[in-house]
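Colleague: Data file target-v6.tsv (TSV, C-alpha atoms and all ligand atoms) is appended below.
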```tsv
chain	number	residue	atom	x	y	z
A	1	MET	CA	0.00	0.00	0.00
A	2	SER	CA	1.18	3.50	-0.85
A	3	ASN	CA	1.73	6.00	1.98
A	4	LEU	CA	0.90	8.83	-0.39
A	5	PRO	CA	-2.40	10.71	0.01
A	6	LYS	CA	-5.47	9.08	-1.53
A	7	ILE	CA	-6.65	11.07	-4.54
A	8	ALA	CA	-10.15	11.48	-5.99
A	9	TRP	CA	-10.05	12.87	-9.54
A	10	ILE	CA	-13.23	14.36	-11.05
A	11	GLY	CA	-13.13	15.20	-14.78
A	12	LEU	CA	-11.02	12.91	-16.96
A	13	GLY	CA	-11.05	14.78	-20.27
A	14	ILE	CA	-8.23	15.84	-22.61
A	15	MET	CA	-6.27	17.24	-19.65
A	16	GLY	CA	-7.60	15.25	-16.69
A	17	SER	CA	-6.81	11.78	-18.07
A	18	PRO	CA	-3.08	12.24	-18.68
A	19	MET	CA	-2.70	14.25	-15.45
A	20	ALA	CA	-4.38	11.56	-13.36
A	21	GLU	CA	-2.17	8.97	-15.07
A	22	ASN	CA	0.94	10.91	-14.07
A	23	LEU	CA	-0.19	10.71	-10.43
A	24	ILE	CA	-0.73	6.95	-10.77
A	25	LYS	CA	2.76	6.58	-12.27
A	26	ALA	CA	4.14	8.49	-9.27
A	27	GLY	CA	2.48	5.98	-6.93
A	28	TYR	CA	-0.62	7.88	-5.81
A	29	PRO	CA	-3.79	5.80	-5.37
A	30	VAL	CA	-6.32	7.52	-7.70
A	31	THR	CA	-10.09	6.99	-7.76
A	32	GLY	CA	-11.79	8.82	-10.61
A	33	PHE	CA	-15.20	9.88	-11.83
A	34	THR	CA	-16.14	11.48	-15.14
A	35	LEU	CA	-19.14	11.42	-17.49
A	36	GLU	CA	-17.71	9.23	-20.31
A	37	SER	CA	-17.41	5.50	-19.59
A	38	ASP	CA	-14.46	5.06	-22.00
A	39	LYS	CA	-12.47	7.57	-19.91
A	40	LEU	CA	-13.24	5.57	-16.76
A	41	GLU	CA	-12.05	2.41	-18.51
A	42	ARG	CA	-8.85	4.24	-19.49
A	43	LEU	CA	-8.27	5.20	-15.84
A	44	ALA	CA	-8.78	1.61	-14.67
A	45	ALA	CA	-6.43	0.32	-17.39
A	46	ALA	CA	-3.78	2.77	-16.15
A	47	GLY	CA	-4.03	1.40	-12.61
A	48	GLY	CA	-6.64	3.72	-11.11
A	49	THR	CA	-10.08	2.90	-9.70
A	50	ALA	CA	-13.26	3.91	-11.51
A	51	ALA	CA	-16.03	5.22	-9.25
A	52	GLY	CA	-19.75	5.24	-10.06
A	53	SER	CA	-20.41	8.72	-8.63
A	54	ILE	CA	-18.76	11.80	-7.19
A	55	ALA	CA	-19.83	10.72	-3.69
A	56	GLU	CA	-18.17	7.32	-4.13
A	57	ALA	CA	-15.00	8.87	-5.57
A	58	VAL	CA	-14.45	11.41	-2.78
A	59	ALA	CA	-15.70	9.48	0.28
A	60	ASP	CA	-12.29	8.14	1.26
A	61	ALA	CA	-10.03	10.77	-0.36
A	62	ASP	CA	-7.38	12.95	1.30
A	63	ILE	CA	-7.16	15.20	-1.76
A	64	VAL	CA	-9.87	15.84	-4.36
A	65	ILE	CA	-8.79	17.22	-7.73
A	66	THR	CA	-11.28	18.61	-10.23
A	67	MET	CA	-10.64	19.28	-13.95
A	68	VAL	CA	-13.94	20.10	-15.70
A	69	PRO	CA	-14.75	22.60	-18.47
A	70	ALA	CA	-16.06	25.77	-16.77
A	71	SER	CA	-17.72	27.45	-13.76
A	72	PRO	CA	-21.17	25.77	-14.17
A	73	GLN	CA	-19.58	22.30	-14.12
A	74	VAL	CA	-17.44	23.17	-11.08
A	75	GLU	CA	-20.58	24.32	-9.28
A	76	ALA	CA	-22.46	21.18	-10.37
A	77	ILE	CA	-19.81	18.83	-8.99
A	78	ALA	CA	-19.07	20.81	-5.82
A	79	TYR	CA	-22.51	21.72	-4.49
A	80	GLY	CA	-25.73	19.86	-3.69
A	81	PRO	CA	-26.42	16.57	-1.92
A	82	ASP	CA	-24.40	14.55	-4.47
A	83	GLY	CA	-21.52	17.03	-4.63
A	84	ILE	CA	-18.00	17.11	-3.27
A	85	LEU	CA	-18.62	19.39	-0.28
A	86	GLU	CA	-21.41	17.19	1.05
A	87	ASN	CA	-19.54	13.91	0.58
A	88	ALA	CA	-15.85	14.59	1.23
A	89	ARG	CA	-14.40	14.24	4.72
A	90	PRO	CA	-13.62	17.36	6.79
A	91	HIS	CA	-10.02	18.61	6.25
A	92	THR	CA	-9.94	17.22	2.72
A	93	LEU	CA	-7.93	19.43	0.36
A	94	LEU	CA	-9.89	20.31	-2.80
A	95	ILE	CA	-7.69	21.44	-5.71
A	96	ASP	CA	-9.72	22.82	-8.60
A	97	MET	CA	-7.53	22.83	-11.73
A	98	SER	CA	-10.31	23.90	-14.14
A	99	SER	CA	-10.10	27.39	-15.71
A	100	ILE	CA	-13.07	29.29	-14.28
A	101	THR	CA	-14.02	32.79	-13.15
A	102	PRO	CA	-12.01	34.06	-10.15
A	103	GLN	CA	-15.28	34.81	-8.33
A	104	THR	CA	-16.43	31.17	-8.62
A	105	SER	CA	-13.16	30.09	-6.96
A	106	ILE	CA	-13.59	32.64	-4.16
A	107	ASP	CA	-17.20	31.52	-3.54
A	108	LEU	CA	-16.19	27.86	-3.58
A	109	ALA	CA	-13.43	28.42	-1.01
A	110	GLN	CA	-15.92	30.19	1.25
A	111	ALA	CA	-18.60	27.48	0.97
A	112	ALA	CA	-16.00	24.75	1.52
A	113	ALA	CA	-14.60	26.45	4.63
A	114	ALA	CA	-18.02	25.99	6.26
A	115	LYS	CA	-17.43	22.21	5.87
A	116	SER	CA	-13.78	22.46	7.00
A	117	ILE	CA	-12.69	21.63	3.46
A	118	ARG	CA	-9.62	23.54	2.23
A	119	VAL	CA	-9.53	24.79	-1.37
A	120	LEU	CA	-6.89	25.86	-3.87
A	121	ASP	CA	-7.58	27.21	-7.35
A	122	ALA	CA	-4.81	25.75	-9.51
A	123	PRO	CA	-5.49	26.26	-13.23
A	124	VAL	CA	-2.81	25.16	-15.65
A	125	SER	CA	-1.15	26.17	-18.89
A	126	GLY	CA	0.77	23.99	-21.31
A	127	GLY	CA	-1.97	22.17	-23.18
A	128	GLU	CA	-2.44	18.48	-23.75
A	129	ALA	CA	1.28	18.05	-24.51
A	130	GLY	CA	2.19	19.78	-21.25
A	131	ALA	CA	-0.20	17.47	-19.37
A	132	LEU	CA	1.23	14.35	-21.01
A	133	GLU	CA	4.83	15.42	-20.39
A	134	ALA	CA	4.08	16.68	-16.83
A	135	VAL	CA	5.57	20.09	-17.64
A	136	LEU	CA	2.50	22.26	-16.99
A	137	SER	CA	2.66	25.74	-15.50
A	138	ILE	CA	0.37	25.73	-12.48
A	139	MET	CA	-0.90	29.06	-11.11
A	140	VAL	CA	-2.25	28.71	-7.62
A	141	GLY	CA	-4.55	30.79	-5.43
A	142	GLY	CA	-5.22	30.05	-1.77
A	143	ASP	CA	-3.54	29.77	1.62
A	144	GLN	CA	0.23	29.29	1.80
A	145	ALA	CA	-0.07	26.24	4.12
A	146	ASP	CA	-2.40	24.48	1.67
A	147	PHE	CA	-0.10	25.36	-1.22
A	148	ASP	CA	2.85	23.88	0.70
A	149	ALA	CA	0.84	20.70	1.34
A	150	ALA	CA	-0.15	20.42	-2.33
A	151	ARG	CA	3.27	21.17	-3.76
A	152	PRO	CA	4.70	17.59	-3.93
A	153	LEU	CA	1.61	16.43	-5.80
A	154	LEU	CA	1.62	19.43	-8.15
A	155	GLU	CA	5.27	18.71	-8.92
A	156	THR	CA	4.26	15.38	-10.45
A	157	LEU	CA	1.96	17.28	-12.86
A	158	GLY	CA	3.95	20.36	-13.78
A	159	LYS	CA	7.27	22.12	-13.84
A	160	THR	CA	6.51	25.76	-12.98
A	161	ILE	CA	4.37	25.94	-9.86
A	162	VAL	CA	3.71	29.34	-8.33
A	163	ARG	CA	1.37	30.61	-5.63
A	164	CYS	CA	0.02	33.89	-6.99
A	165	GLY	CA	-1.94	35.06	-3.94
A	166	PRO	CA	-5.26	34.42	-2.18
A	167	HIS	CA	-8.26	32.44	-3.51
A	168	GLY	CA	-9.10	33.37	-7.11
A	169	SER	CA	-5.70	34.79	-7.97
A	170	GLY	CA	-4.63	31.60	-9.78
A	171	GLN	CA	-7.66	32.11	-12.02
A	172	THR	CA	-6.82	35.77	-12.62
A	173	VAL	CA	-3.33	34.80	-13.78
A	174	LYS	CA	-4.78	32.04	-15.96
A	175	ALA	CA	-7.13	34.61	-17.56
A	176	ALA	CA	-4.07	36.72	-18.43
A	177	ASN	CA	-2.42	33.59	-19.83
A	178	GLN	CA	-5.37	32.97	-22.13
A	179	LEU	CA	-5.29	36.57	-23.34
A	180	ILE	CA	-1.61	36.25	-24.27
A	181	VAL	CA	-2.08	32.86	-25.94
A	182	ALA	CA	-5.07	33.96	-28.05
A	183	VAL	CA	-3.34	37.13	-29.27
A	184	ASN	CA	-0.19	35.14	-30.01
A	185	ILE	CA	-2.07	32.48	-32.02
A	186	GLN	CA	-3.92	35.17	-33.96
A	187	ALA	CA	-0.62	36.91	-34.81
A	188	CYS	CA	0.89	33.58	-35.94
A	189	ALA	CA	-2.21	32.81	-38.04
A	190	GLU	CA	-2.00	36.21	-39.75
A	191	ALA	CA	1.70	35.62	-40.46
A	192	VAL	CA	0.95	32.18	-41.95
A	193	VAL	CA	-1.61	33.59	-44.42
A	194	PHE	CA	0.69	36.52	-45.26
A	195	LEU	CA	3.65	34.17	-45.88
A	196	GLU	CA	1.67	31.73	-48.02
A	197	LYS	CA	0.10	34.47	-50.12
A	198	SER	CA	3.60	35.88	-50.63
A	199	GLY	CA	4.77	32.51	-51.97
A	200	VAL	CA	7.36	31.89	-49.25
A	201	ASP	CA	8.02	28.31	-48.09
A	202	LEU	CA	6.01	28.13	-44.89
A	203	THR	CA	8.05	25.45	-43.12
A	204	ALA	CA	11.31	27.32	-43.72
A	205	ALA	CA	9.75	30.60	-42.62
A	206	LEU	CA	8.29	29.20	-39.39
A	207	ASP	CA	11.55	27.41	-38.57
A	208	VAL	CA	13.57	30.62	-38.73
A	209	LEU	CA	10.89	32.71	-37.03
A	210	ALA	CA	10.83	30.24	-34.13
A	211	GLY	CA	14.51	30.99	-33.45
A	212	GLY	CA	14.14	34.77	-33.21
A	213	LEU	CA	12.21	37.24	-31.08
A	214	ALA	CA	8.98	36.08	-32.77
A	215	GLY	CA	9.54	32.60	-31.38
A	216	SER	CA	7.17	31.43	-28.66
A	217	THR	CA	5.83	28.29	-27.04
A	218	VAL	CA	2.67	28.91	-29.08
A	219	LEU	CA	4.64	28.89	-32.33
A	220	ALA	CA	6.67	25.81	-31.32
A	221	ARG	CA	3.61	23.84	-30.20
A	222	LYS	CA	1.24	24.94	-33.00
A	223	LYS	CA	3.60	25.14	-35.99
A	224	ASP	CA	2.59	21.71	-37.30
A	225	ASN	CA	-1.11	22.42	-36.76
A	226	PHE	CA	-0.76	25.47	-39.01
A	227	THR	CA	1.37	23.75	-41.65
A	228	ASN	CA	-0.79	20.60	-41.84
A	229	ARG	CA	-4.11	22.32	-41.16
A	230	ASP	CA	-4.50	19.79	-38.36
A	231	PHE	CA	-7.12	21.32	-36.08
A	232	ARG	CA	-7.93	18.31	-33.91
A	233	PRO	CA	-8.05	19.50	-30.28
A	234	GLY	CA	-5.89	20.14	-28.22
A	235	PHE	CA	-7.61	23.10	-26.73
A	236	ARG	CA	-11.06	23.66	-28.13
A	237	ILE	CA	-12.21	27.04	-29.48
A	238	ASP	CA	-15.31	26.63	-27.25
A	239	LEU	CA	-13.06	26.62	-24.16
A	240	HIS	CA	-10.98	29.57	-25.37
A	241	HIS	CA	-14.22	31.48	-26.01
A	242	LYS	CA	-15.13	30.80	-22.38
A	243	ASP	CA	-11.71	32.08	-21.26
A	244	MET	CA	-11.90	35.24	-23.40
A	245	GLY	CA	-15.23	35.93	-21.68
A	246	ILE	CA	-13.54	35.51	-18.28
A	247	VAL	CA	-10.63	37.84	-19.08
A	248	THR	CA	-12.69	40.58	-20.77
A	249	ASP	CA	-15.20	40.52	-17.92
A	250	ALA	CA	-12.52	40.57	-15.20
A	251	ALA	CA	-10.61	43.37	-16.98
A	252	ARG	CA	-13.76	45.43	-17.25
A	253	THR	CA	-14.39	44.99	-13.52
A	254	VAL	CA	-10.95	46.35	-12.60
A	255	GLY	CA	-10.92	49.02	-15.32
A	256	ALA	CA	-8.13	47.56	-17.46
A	257	ALA	CA	-8.39	48.25	-21.20
A	258	LEU	CA	-7.83	45.27	-23.53
A	259	PRO	CA	-8.07	46.88	-26.97
A	260	VAL	CA	-6.36	44.05	-28.90
A	261	GLY	CA	-7.69	41.32	-26.60
A	262	THR	CA	-11.24	42.47	-27.22
A	263	VAL	CA	-10.78	42.20	-30.99
A	264	VAL	CA	-9.29	38.72	-30.68
A	265	ALA	CA	-12.16	37.72	-28.36
A	266	GLY	CA	-14.49	38.74	-31.19
A	267	LEU	CA	-12.52	36.64	-33.69
A	268	VAL	CA	-12.70	33.59	-31.39
A	269	ALA	CA	-16.46	34.14	-30.99
A	270	SER	CA	-16.86	34.48	-34.75
A	271	LEU	CA	-15.06	31.19	-35.38
A	272	ARG	CA	-17.36	29.49	-32.91
A	273	ALA	CA	-20.45	31.03	-34.50
A	274	GLN	CA	-19.28	29.59	-37.83
A	275	GLY	CA	-19.31	26.06	-36.41
A	276	ASP	CA	-15.62	25.69	-35.53
A	277	GLY	CA	-16.08	25.56	-31.73
A	278	GLY	CA	-14.94	21.94	-31.50
A	279	LEU	CA	-11.64	22.59	-33.30
A	280	ASP	CA	-8.27	23.38	-31.72
A	281	HIS	CA	-7.60	27.09	-31.08
A	282	SER	CA	-4.94	27.02	-33.82
A	283	ALA	CA	-8.03	27.05	-36.11
A	284	LEU	CA	-7.95	30.86	-35.67
A	285	LEU	CA	-6.04	30.40	-38.94
A	286	ARG	CA	-9.33	29.45	-40.64
A	287	GLY	CA	-10.80	32.81	-39.63
A	288	VAL	CA	-7.87	34.71	-41.14
A	289	GLU	CA	-8.11	32.62	-44.30
A	290	ARG	CA	-11.79	33.44	-44.69
A	291	LEU	CA	-11.13	37.16	-44.16
A	292	SER	CA	-8.32	36.99	-46.74
A	293	GLY	CA	-10.29	35.12	-49.38
A	294	HIS	CA	-7.58	32.50	-49.06
A	295	PRO	CA	-7.86	29.66	-51.58
A	296	THR	CA	-9.75	26.92	-49.78
A	297	GLY	CA	-9.04	23.25	-50.09
A	298	HIS	CA	-7.53	23.04	-46.64
H	1	LIG	P1	-12.65	18.20	-21.70
H	1	LIG	O1	-13.97	18.66	-22.21
H	1	LIG	O2	-11.79	17.34	-22.57
H	1	LIG	O3	-12.88	17.39	-20.32
H	1	LIG	C1	-13.76	17.79	-19.33
H	1	LIG	C2	-14.16	16.58	-18.51
H	1	LIG	O4	-15.03	17.01	-17.46
H	1	LIG	C3	-14.94	15.51	-19.31
H	1	LIG	O5	-14.27	14.28	-19.24
H	1	LIG	C4	-16.30	15.44	-18.61
H	1	LIG	O6	-16.80	14.13	-18.44
H	1	LIG	C5	-15.98	16.00	-17.24
H	1	LIG	N1	-17.18	16.54	-16.60
H	1	LIG	C6	-17.97	17.56	-17.00
H	1	LIG	N2	-19.02	17.70	-16.19
H	1	LIG	C7	-18.89	16.73	-15.24
H	1	LIG	C8	-19.69	16.33	-14.13
H	1	LIG	N3	-20.82	16.97	-13.82
H	1	LIG	N4	-19.26	15.28	-13.38
H	1	LIG	C9	-18.11	14.63	-13.70
H	1	LIG	N5	-17.33	14.95	-14.75
H	1	LIG	C10	-17.72	15.99	-15.50
H	1	LIG	O7	-11.88	19.51	-21.26
H	1	LIG	P2	-10.28	19.72	-21.08
H	1	LIG	O8	-9.72	20.15	-22.39
H	1	LIG	O9	-9.69	18.57	-20.37
H	1	LIG	O10	-10.29	21.02	-20.14
H	1	LIG	C11	-10.58	20.96	-18.74
H	1	LIG	C12	-10.26	22.32	-18.12
H	1	LIG	O11	-8.86	22.60	-18.29
H	1	LIG	C13	-11.02	23.49	-18.76
H	1	LIG	O12	-11.36	24.44	-17.78
H	1	LIG	C14	-10.00	24.07	-19.73
H	1	LIG	O13	-10.24	25.44	-19.98
H	1	LIG	C15	-8.71	23.83	-18.97
H	1	LIG	N6	-7.50	23.70	-19.80
H	1	LIG	C16	-7.49	22.95	-20.93
H	1	LIG	C17	-6.33	22.88	-21.69
H	1	LIG	C18	-6.28	22.07	-22.98
H	1	LIG	O14	-5.30	22.23	-23.74
H	1	LIG	N7	-7.25	21.21	-23.29
H	1	LIG	C19	-5.17	23.53	-21.28
H	1	LIG	C20	-5.18	24.26	-20.10
H	1	LIG	C21	-6.36	24.35	-19.36
```
Reformat the file's structure so that it appears as structure tokens.
Ligand code: NAD
Modeller:
Amino acid sequence: MSNLPKIAWIGLGIMGSPMAENLIKAGYPVTGFTLESDKLERLAAAGGTAAGSIAEAVADADIVITMVPASPQVEAIAYGPDGILENARPHTLLIDMSSITPQTSIDLAQAAAAKSIRVLDAPVSGGEAGALEAVLSIMVGGDQADFDAARPLLETLGKTIVRCGPHGSGQTVKAANQLIVAVNIQACAEAVVFLEKSGVDLTAALDVLAGGLAGSTVLARKKDNFTNRDFRPGFRIDLHHKDMGIVTDAARTVGAALPVGTVVAGLVASLRAQGDGGLDHSALLRGVERLSGHPTGH
């Protein structure tokens, strides 16, 4: 038997599955629950335990980790008679790694405190590849003591792990992350269309750009998506649309102007309205192509 804390993992999607598997590889006992049965089978095949409900998953856990799409899903799994707060033991540590509004994280921490459950918001950046390779950046909000307790576990999931401040501040930093990533992808997409229309070899161009000041993790990770028009997610446009809503709303609340971010938020929304919500966010390239009357066939 492992002496490591017992983990309940709720939400085994594109990110949750490989992250939970990294904990299993590190020796943590992991019991999981998610909506798709194939994902539960994948967890069991990796050495975890599939639970039939949230209540069953969290009943015996020392640490509960959640990784679901957005605020409504976090609220659905946390609250109510079948939720985490009602069914986890007092003093359980709840680490929500979903990207949600800072206010939802603050409210959750408050509600959990009434049940003596400790909460950290710990959203991540690095994408599916970062989850698989356990090199995520993890931005944490919450009490220092809880962060210190969570740190060994977070180190099996990521490489850059920083406490940013009190509850909700991890989410605020993640919102800034999503602003930077969206603007960066849009700039890369515009460069791709410009380069192709100019008749320059795209692979050569992106290779040399990646080595200069224009280089970025976005360019390195998404170069092949652009070149091959491979828009399988990855990170879905639907989720980035949600995140652009979070950052524009939060910026408005504090009186920060996001002139370029607001335009890119509109471009993400437009892509979604055109039916591309299920594609990877590198599909911002499709929006630029449409605006440029780019020859189709991709
Ligand atoms: P996903 O849609 O692939 O997975 C979400 C999972 O949540 C699904 O398996 C679903 O079954 C589960 N879920 C939803 N409602 C549930 C409920 N009521 N009970 C139990 N399980 C439930 O999403 P993802 O891409 O893994 O993203 C998860 C979170 O991580 C999002 O907030 C996203 O913004 C963030 N994120 C994603 C990426 C990425 O590259 N995909 C990168 C960084 C952060």
Colleague: Can you pull out every residue within 6 Å of Val119 in chain A, counting only C-alpha atoms, but drop anything in the same chain fewer than 5 positions away, and send it as a ChimeraX atom specification?
Modeller: /A:93-95,109
Colleague: Can you spit out the residues from that selection as an mmCIF file, in the coordinates of the input, using C-alpha atoms?
Modeller:
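Saved to again-v6.cif:
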```cif
data_model
loop_
_atom_site.group_PDB
_atom_site.id
_atom_site.type_symbol
_atom_site.label_atom_id
_atom_site.label_comp_id
_atom_site.auth_asym_id
_atom_site.auth_seq_id
_atom_site.Cartn_x
_atom_site.Cartn_y
_atom_site.Cartn_z
ATOM 1 C CA LEU A 93 -7.930 19.430 0.360
ATOM 2 C CA LEU A 94 -9.890 20.310 -2.800
ATOM 3 C CA ILE A 95 -7.690 21.440 -5.710
ATOM 4 C CA ALA A 109 -13.430 28.420 -1.010
#
```
Colleague: Nearest residue to ligand LIG 1 (chain H) out of A:Val124, A:Leu132, A:Ala210, A:Ile84, using only C-alpha atoms and all ligand atoms?
Modeller: A:Val124
Colleague: Select, from A:Leu40, A:Ala191, A:Ala145, A:Ile100, the residue with the minimum atom-to-atom distance to Leu219 in chain A, counting only C-alpha atoms.
Modeller: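 Smallest distance to Leu219 in chain A is found for A:Ala191.
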Colleague: Between A:Lys242, A:Arg232, A:His294, A:Lys197, which has the minimum distance to Ile14 in chain A (counting only C-alpha atoms)?
Modeller: A:Arg232
Colleague: List all protein, DNA and RNA residues that have at least one atom no more than 7 Å from any atom of ligand LIG 1 (chain H), counting only C-alpha atoms and all ligand atoms, and write them as a VMD selection string.
Modeller: chain A and resid 10 to 16 33 to 36 39 67 to 70 73 76 to 77 97 to 100 123 to 128 234 to 236 239 to 240 243
Colleague: List the spatial neighbours of Leu267 in chain A as a PyMOL selection string - criterion: any atom at most 10 Å away, only C-alpha atoms, same-chain residues fewer than 5 positions off excluded.
Modeller: chain A and resi 182+186+241+261-262+272-273+284+287-288
Colleague: A:Val200, A:Cys164, A:Ala46, A:Ala113: which is nearest His91 in chain A, counting all atoms listed in the file?
Modeller: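 Comparing A:Val200, A:Cys164, A:Ala46, A:Ala113 against His91 in chain A, the winner is A:Ala113.
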Colleague: Name all residues at most 9 Å from Ala150 in chain A (count only C-alpha atoms; drop same-chain ones fewer than 3 positions away) and give them as a PDB file with C-alpha atoms, in the frame of the given file.
Modeller:
```
ATOM      1  CA  ILE A  63      -7.160  15.200  -1.760  1.00  0.00           C
ATOM      2  CA  LEU A  93      -7.930  19.430   0.360  1.00  0.00           C
ATOM      3  CA  ILE A  95      -7.690  21.440  -5.710  1.00  0.00           C
ATOM      4  CA  LEU A 120      -6.890  25.860  -3.870  1.00  0.00           C
ATOM      5  CA  ALA A 145      -0.070  26.240   4.120  1.00  0.00           C
ATOM      6  CA  ASP A 146      -2.400  24.480   1.670  1.00  0.00           C
ATOM      7  CA  PHE A 147      -0.100  25.360  -1.220  1.00  0.00           C
ATOM      8  CA  LEU A 153       1.610  16.430  -5.800  1.00  0.00           C
ATOM      9  CA  LEU A 154       1.620  19.430  -8.150  1.00  0.00           C
ATOM     10  CA  GLU A 155       5.270  18.710  -8.920  1.00  0.00           C
TER      11      GLU A 155
END
```
Colleague: CA of Ser37 in chain A and CA of Pro18 in chain A are how many Å apart?
Modeller: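 One can read the CA of Ser37 in chain A to CA of Pro18 in chain A distance as 15.9 Å.
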Colleague: Pick out the closest residue to Gly245 in chain A from this set: A:Val162, A:Leu213, A:Ala175, A:Leu279. Count only C-alpha atoms.
Modeller: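 Smallest distance to Gly245 in chain A is found for A:Ala175.
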Colleague: Can you work out the spacing between CA of Asp82 in chain A and CA of Ile54 in chain A in Å, to one decimal?
Modeller: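 Taking CA of Asp82 in chain A as the start and CA of Ile54 in chain A as the end point, the length is 6.8 Å.
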Colleague: Give me, as a list in words, all polymer residues having an atom no more than 9 Å from range 21-29 of chain A, counting all atoms listed in the file and skipping those fewer than 6 positions away in the same chain.
Modeller: Met1, Ser2, Asn3, Leu4, Pro5, Lys6, Ile7, Ala8, Leu43, Ala46, Gly47, Gly48, Thr49, Ala131, Leu132, Glu133, Ala134, Leu153, Thr156 and Leu157 of chain A
Colleague: Based on the selection just made, write C-alpha atoms of those residues as a short mmCIF file (atom, residue, chain, number, x, y, z; two decimals), in the coordinates of the input.
Modeller:
```
data_model
loop_
_atom_site.label_atom_id
_atom_site.label_comp_id
_atom_site.auth_asym_id
_atom_site.auth_seq_id
_atom_site.Cartn_x
_atom_site.Cartn_y
_atom_site.Cartn_z
CA MET A 1 0.00 0.00 0.00
CA SER A 2 1.18 3.50 -0.85
CA ASN A 3 1.73 6.00 1.98
CA LEU A 4 0.90 8.83 -0.39
CA PRO A 5 -2.40 10.71 0.01
CA LYS A 6 -5.47 9.08 -1.53
CA ILE A 7 -6.65 11.07 -4.54
CA ALA A 8 -10.15 11.48 -5.99
CA LEU A 43 -8.27 5.20 -15.84
CA ALA A 46 -3.78 2.77 -16.15
CA GLY A 47 -4.03 1.40 -12.61
CA GLY A 48 -6.64 3.72 -11.11
CA THR A 49 -10.08 2.90 -9.70
CA ALA A 131 -0.20 17.47 -19.37
CA LEU A 132 1.23 14.35 -21.01
CA GLU A 133 4.83 15.42 -20.39
CA ALA A 134 4.08 16.68 -16.83
CA LEU A 153 1.61 16.43 -5.80
CA THR A 156 4.26 15.38 -10.45
CA LEU A 157 1.96 17.28 -12.86
#
```
Colleague: Measure the distance from CA of Val218 in chain A to CA of Gly158 in chain A in Å and round it to one decimal.
Modeller: 17.6 Å
Colleague: Identify, on the basis of all atoms listed in the file, every residue whose closest approach to Ala251 in chain A does not exceed 12 Å; exclude the query and any residue fewer than 4 positions from it along the same chain; express the result as a list of chain:residue names.
Modeller: A:Thr101, A:Pro102, A:Thr172, A:Val173, A:Ala175, A:Ala176, A:Leu179, A:Met244, A:Gly245, A:Ile246, A:Val247, A:Gly255, A:Ala256, A:Ala257, A:Leu258, A:Pro259, A:Gly261, A:Thr262
Colleague: Check the smallest atom-to-atom distance from each of A:Gln274, A:Thr253, A:Trp9, A:Ala214 to Ala51 in chain A using only C-alpha atoms, then report the winner.
Modeller: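 Checking each of A:Gln274, A:Thr253, A:Trp9, A:Ala214 against Ala51 in chain A, counting only C-alpha atoms, the winner is A:Trp9.
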Colleague: Centre and edge lengths of an axis-aligned box around all listed atoms of range 201-209 of chain A, with 3 Å added on each side, are to be given in Å to one decimal, as JSON.
Modeller:
```
{"center_x": 9.8, "center_y": 29.1, "center_z": -42.6, "size_x": 13.6, "size_y": 13.3, "size_z": 17.1}
```
